[in-house]
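Shown next, in structure tokens, is the structure this report addresses.
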Amino acid sequence: MKKILITGGSGLLGVNLAIRLRKKFKVFILTNKKTINIPSTISIDGKAYLNEQKDYLKPDIVINTVALTNIELCEDNPYLAIEANLKYLELLVVLCKKNNSKLVHISTDHLFDGLNSFSSEDSYVNPVNQYAKTKLEAENYVQNEISNALIIRTNFFGWGPSYRNSFSDIIINTLKQKKEIFLFEDAFFSPVSTRRLSEIIVKLFEHDTHGIFNVSSNDRISKLHFGLIMCDYFQLDNSLVSSSSLEHQKHLTKRPKDTSLSNEKVSNFLMFDCGSVANNINDLNYDIKDGIRNEILKL
Ligand SMILES: NC(=O)c1ccc[n+]([C@@H]2O[C@H](COP(=O)([O-])OP(=O)(O)OC[C@H]3O[C@@H](n4cnc5c(N)ncnc54)[C@H](OP(=O)(O)O)[C@@H]3O)[C@@H](O)[C@H]2O)c1
């Protein structure tokens, strides 16, 4: 069995990848501040491991999900963004070079100024905040240092652990509590489920490919529309979903209004249908059926 090391093991994507990949691979997760125990995987203290000069693990594949994902925090404390989004990566690059491990680096759909729809891997990047700037620098660094690295640009949702709610969790939890939720009518994206994202990541590294791949759904929708589709799939009260505007959120750090990505490259390369946003939302139901949601909620 190949050994996979997942960094950011306590994060939303880290947890989802670890639980989904452990049947096929020997999964090790690197933790930072939050310790976590996922059955049938091995948790390792990240600081101790990365400072270790002799690597006892020698992973075949390293998936880097570490980032400071709070956009306001990145803007107010750029040094924290640099530490998580860049400095940490530098340590991983050393580790991958030493062990000849395949590096899969998770990037973002946030690299653009938001004036265009369905950005491709070759579209002009123009980051508008510190989060995006450090994520772009990370991509450039990886490409310069490791020629066969795989970089995934994406945006995702899915079941999160109790301490880390995803966008879909926030919608479900708010509406189940009979509270009103405000969602942007003028912010557009093309998110995938963590279920589909995990499947595509595995397919990509099994094809031993490299370079940048967008992983997104086939369509582009507003955050408001996303909330309304969630209501249909989870029998939630759509009268509690109200429209708001990103344009009017002057207190927020600047964000791109359209982060939709084209998935043409990955779809053609893998001959795989990434599905509509609705198909991806329905993946949450498959996670309920096969017990993945319950397992994640227990963490
Ligand atoms: N969530 C999304 O919708 C989304 C969209 C686009 C792209 N992405 C990208 O997808 C990846 C995963 O995102 P996510 O939402 O799963 O992130 P997340 O839930 O915020 O988790 C981030 C992980 O990084 C760790 N971490 C943070 N700062 C660190 C540091 N300085 N040193 C070591 N570890 C550190 C955290 O551990 P501790 O909490 O223990 O510190 C946590 O395990 C990121 O690269 C993100 O940029 C996410």
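Residue numbers start at 1 in each chain; chains themselves are named A, B, ... in the order of the structure tokens; ligands are numbered from 1 in the order shown.
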Surrounding residues as a ChimeraX atom specification, ligand 1, max 8 Å, only C-alpha atoms and all ligand atoms: /A:7-15,31-35,46-47,64-70,80-81,83-85,88,105-110,135,153-157,164,166-167,191
Excluding Leu111 (chain A) and residues on its chain fewer than 4 positions from it, collect all residues at most 8 Å away from it, counting only C-alpha atoms, and give them as a list in words. Val125, Asn126, Pro127, Val128, Ala132, Lys133, Lys135 and Leu136 of chain A
As a PyMOL selection string, please: all residues of region 20-238 of chain A that backbone DSSP puts in strand (DSSP E or B). chain A and resi 26-31+42-45+61-64+102-106+119+150-154+156-157+181-184+188-189+192-193+211-215+221-222
List as a VMD selection string the protein and nucleic acid residues near region 257-270 of chain A, meaning an atom at most 9 Å away when only C-alpha atoms are counted, but skip any in the same chain fewer than 2 places from it. chain A and resid 109 to 121 153 to 155 186 to 191 200 203 to 204 207 213 to 222 246 to 247 255 272 to 274
For Thr209 (chain A), which residue out of A:Asn148, A:Asn129, A:Thr134, A:Ser123 is the nearest one, using only C-alpha atoms?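 Distance minimum relative to Thr209 (chain A) lands on A:Asn148.
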Using DSSP secondary structure from the backbone, list all alpha helix (DSSP H) positions within region 191-256 of chain A, as a list in words.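 Selection result, alpha helix (DSSP H) within region 191-256 of chain A: Thr194, Arg195, Arg196, Leu197, Ser198, Glu199, Ile200, Ile201, Val202, Lys203, Leu204, Phe205, Glu206, Lys223, Leu224, His225, Phe226, Gly227, Leu228, Ile229, Met230, Cys231, Asp232, Tyr233 and Phe234 of chain A.
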Those residues you just picked out, can you put them in a file as a compact mmCIF listing (two decimals), in the first residue's frame with N, CA, C and O atoms?
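As written to disk, out.txt reads:
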```txt
# COMPACT_ATOMS: atom_id res chain seq x y z
N THR A 194 -16.53 17.63 -1.33
CA THR A 194 -15.26 17.01 -0.90
C THR A 194 -15.21 15.55 -1.38
O THR A 194 -14.13 15.01 -1.60
N ARG A 195 -16.38 14.94 -1.55
CA ARG A 195 -16.43 13.55 -2.04
C ARG A 195 -15.85 13.47 -3.45
O ARG A 195 -14.97 12.66 -3.75
N ARG A 196 -16.34 14.38 -4.34
CA ARG A 196 -15.89 14.35 -5.73
C ARG A 196 -14.44 14.86 -5.85
O ARG A 196 -13.65 14.34 -6.62
N LEU A 197 -14.12 15.88 -5.05
CA LEU A 197 -12.75 16.42 -5.08
C LEU A 197 -11.74 15.35 -4.70
O LEU A 197 -10.70 15.18 -5.36
N SER A 198 -12.06 14.58 -3.65
CA SER A 198 -11.13 13.53 -3.21
C SER A 198 -10.94 12.49 -4.32
O SER A 198 -9.82 12.04 -4.59
N GLU A 199 -12.05 12.12 -4.96
CA GLU A 199 -11.97 11.12 -6.03
C GLU A 199 -11.10 11.63 -7.19
O GLU A 199 -10.26 10.90 -7.72
N ILE A 200 -11.29 12.90 -7.53
CA ILE A 200 -10.53 13.46 -8.66
C ILE A 200 -9.04 13.60 -8.31
O ILE A 200 -8.17 13.31 -9.14
N ILE A 201 -8.75 14.00 -7.08
CA ILE A 201 -7.34 14.13 -6.68
C ILE A 201 -6.64 12.77 -6.82
O ILE A 201 -5.54 12.68 -7.37
N VAL A 202 -7.30 11.72 -6.35
CA VAL A 202 -6.69 10.37 -6.45
C VAL A 202 -6.48 10.00 -7.92
O VAL A 202 -5.42 9.51 -8.31
N LYS A 203 -7.50 10.24 -8.73
CA LYS A 203 -7.36 9.90 -10.16
C LYS A 203 -6.19 10.66 -10.77
O LYS A 203 -5.43 10.10 -11.57
N LEU A 204 -6.05 11.92 -10.41
CA LEU A 204 -4.96 12.73 -11.01
C LEU A 204 -3.60 12.20 -10.61
O LEU A 204 -2.72 12.03 -11.46
N PHE A 205 -3.38 11.90 -9.32
CA PHE A 205 -2.03 11.45 -9.01
C PHE A 205 -1.80 10.00 -9.45
O PHE A 205 -0.67 9.61 -9.69
N GLU A 206 -2.87 9.24 -9.60
CA GLU A 206 -2.69 7.89 -10.15
C GLU A 206 -2.30 7.94 -11.64
O GLU A 206 -1.67 7.04 -12.15
N LYS A 223 -23.90 32.46 -4.51
CA LYS A 223 -23.98 31.85 -3.17
C LYS A 223 -25.45 31.74 -2.76
O LYS A 223 -25.85 30.77 -2.09
N LEU A 224 -26.25 32.72 -3.17
CA LEU A 224 -27.69 32.69 -2.85
C LEU A 224 -28.35 31.47 -3.50
O LEU A 224 -29.08 30.71 -2.86
N HIS A 225 -28.06 31.27 -4.77
CA HIS A 225 -28.65 30.15 -5.52
C HIS A 225 -28.19 28.82 -4.90
O HIS A 225 -28.97 27.86 -4.79
N PHE A 226 -26.93 28.78 -4.49
CA PHE A 226 -26.40 27.57 -3.83
C PHE A 226 -27.27 27.24 -2.60
O PHE A 226 -27.68 26.10 -2.40
N GLY A 227 -27.55 28.27 -1.79
CA GLY A 227 -28.36 28.06 -0.58
C GLY A 227 -29.75 27.53 -0.93
O GLY A 227 -30.28 26.64 -0.24
N LEU A 228 -30.32 28.05 -2.01
CA LEU A 228 -31.67 27.61 -2.39
C LEU A 228 -31.67 26.17 -2.88
O LEU A 228 -32.60 25.39 -2.58
N ILE A 229 -30.60 25.77 -3.59
CA ILE A 229 -30.52 24.36 -4.03
C ILE A 229 -30.35 23.46 -2.79
O ILE A 229 -30.93 22.37 -2.72
N MET A 230 -29.57 23.92 -1.83
CA MET A 230 -29.41 23.14 -0.59
C MET A 230 -30.78 22.89 0.06
O MET A 230 -31.05 21.81 0.58
N CYS A 231 -31.65 23.92 0.03
CA CYS A 231 -32.99 23.78 0.62
C CYS A 231 -33.76 22.65 -0.07
O CYS A 231 -34.44 21.85 0.58
N ASP A 232 -33.65 22.58 -1.41
CA ASP A 232 -34.37 21.54 -2.15
C ASP A 232 -33.89 20.14 -1.75
O ASP A 232 -34.67 19.23 -1.58
N TYR A 233 -32.58 19.99 -1.62
CA TYR A 233 -32.01 18.65 -1.36
C TYR A 233 -32.15 18.22 0.09
O TYR A 233 -32.11 17.03 0.38
N PHE A 234 -32.30 19.19 1.00
CA PHE A 234 -32.34 18.81 2.43
C PHE A 234 -33.63 19.27 3.12
O PHE A 234 -33.68 19.36 4.34
```
From the set A:Gln177, A:Ser193, A:Asn140, A:Ser40, which residue has the shortest atom-to-atom contact distance to Gly158 (chain A), counting only C-alpha atoms?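 Residue with the minimum atom-to-atom distance to Gly158 (chain A): A:Ser193.
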From CA of Asn100 (chain A) to CA of Lys58 (chain A) the spacing works out at 8.3 Å
Name the closest residue to Arg293 (chain A) among the candidates A:Ala138, A:Leu103, A:Ser162, A:Ile61; distances are taken between atoms, counting only C-alpha atoms.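 Checking each candidate against Arg293 (chain A), we get A:Ser162 as the closest.
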So what do you get for CA of Lys3 (chain A) versus CA of Tyr163 (chain A), distance-wise? 27.2 Å
Among listed residues A:Lys176, A:Lys24, A:Lys2, A:Lys97, nearest Asn238 (chain A) (using only C-alpha atoms):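 For Asn238 (chain A), the nearest of the candidates is A:Lys176.
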Nearest to Ile36 (chain A) by atom-to-atom distance, counting only C-alpha atoms, from A:Lys23, A:Pro161, A:Asn294, A:Ile63: A:Pro161
Could you tell me which of A:Pro256, A:Tyr56, A:Leu21, A:Val94 comes closest to Val142 (chain A) if we count only C-alpha atoms?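 Looking at the shortest contact to Val142 (chain A), the residue is A:Val94.
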In Å, rounded to a single decimal, give me how far CA of Asn144 (chain A) is from CA of Val93 (chain A). 10.7 Å
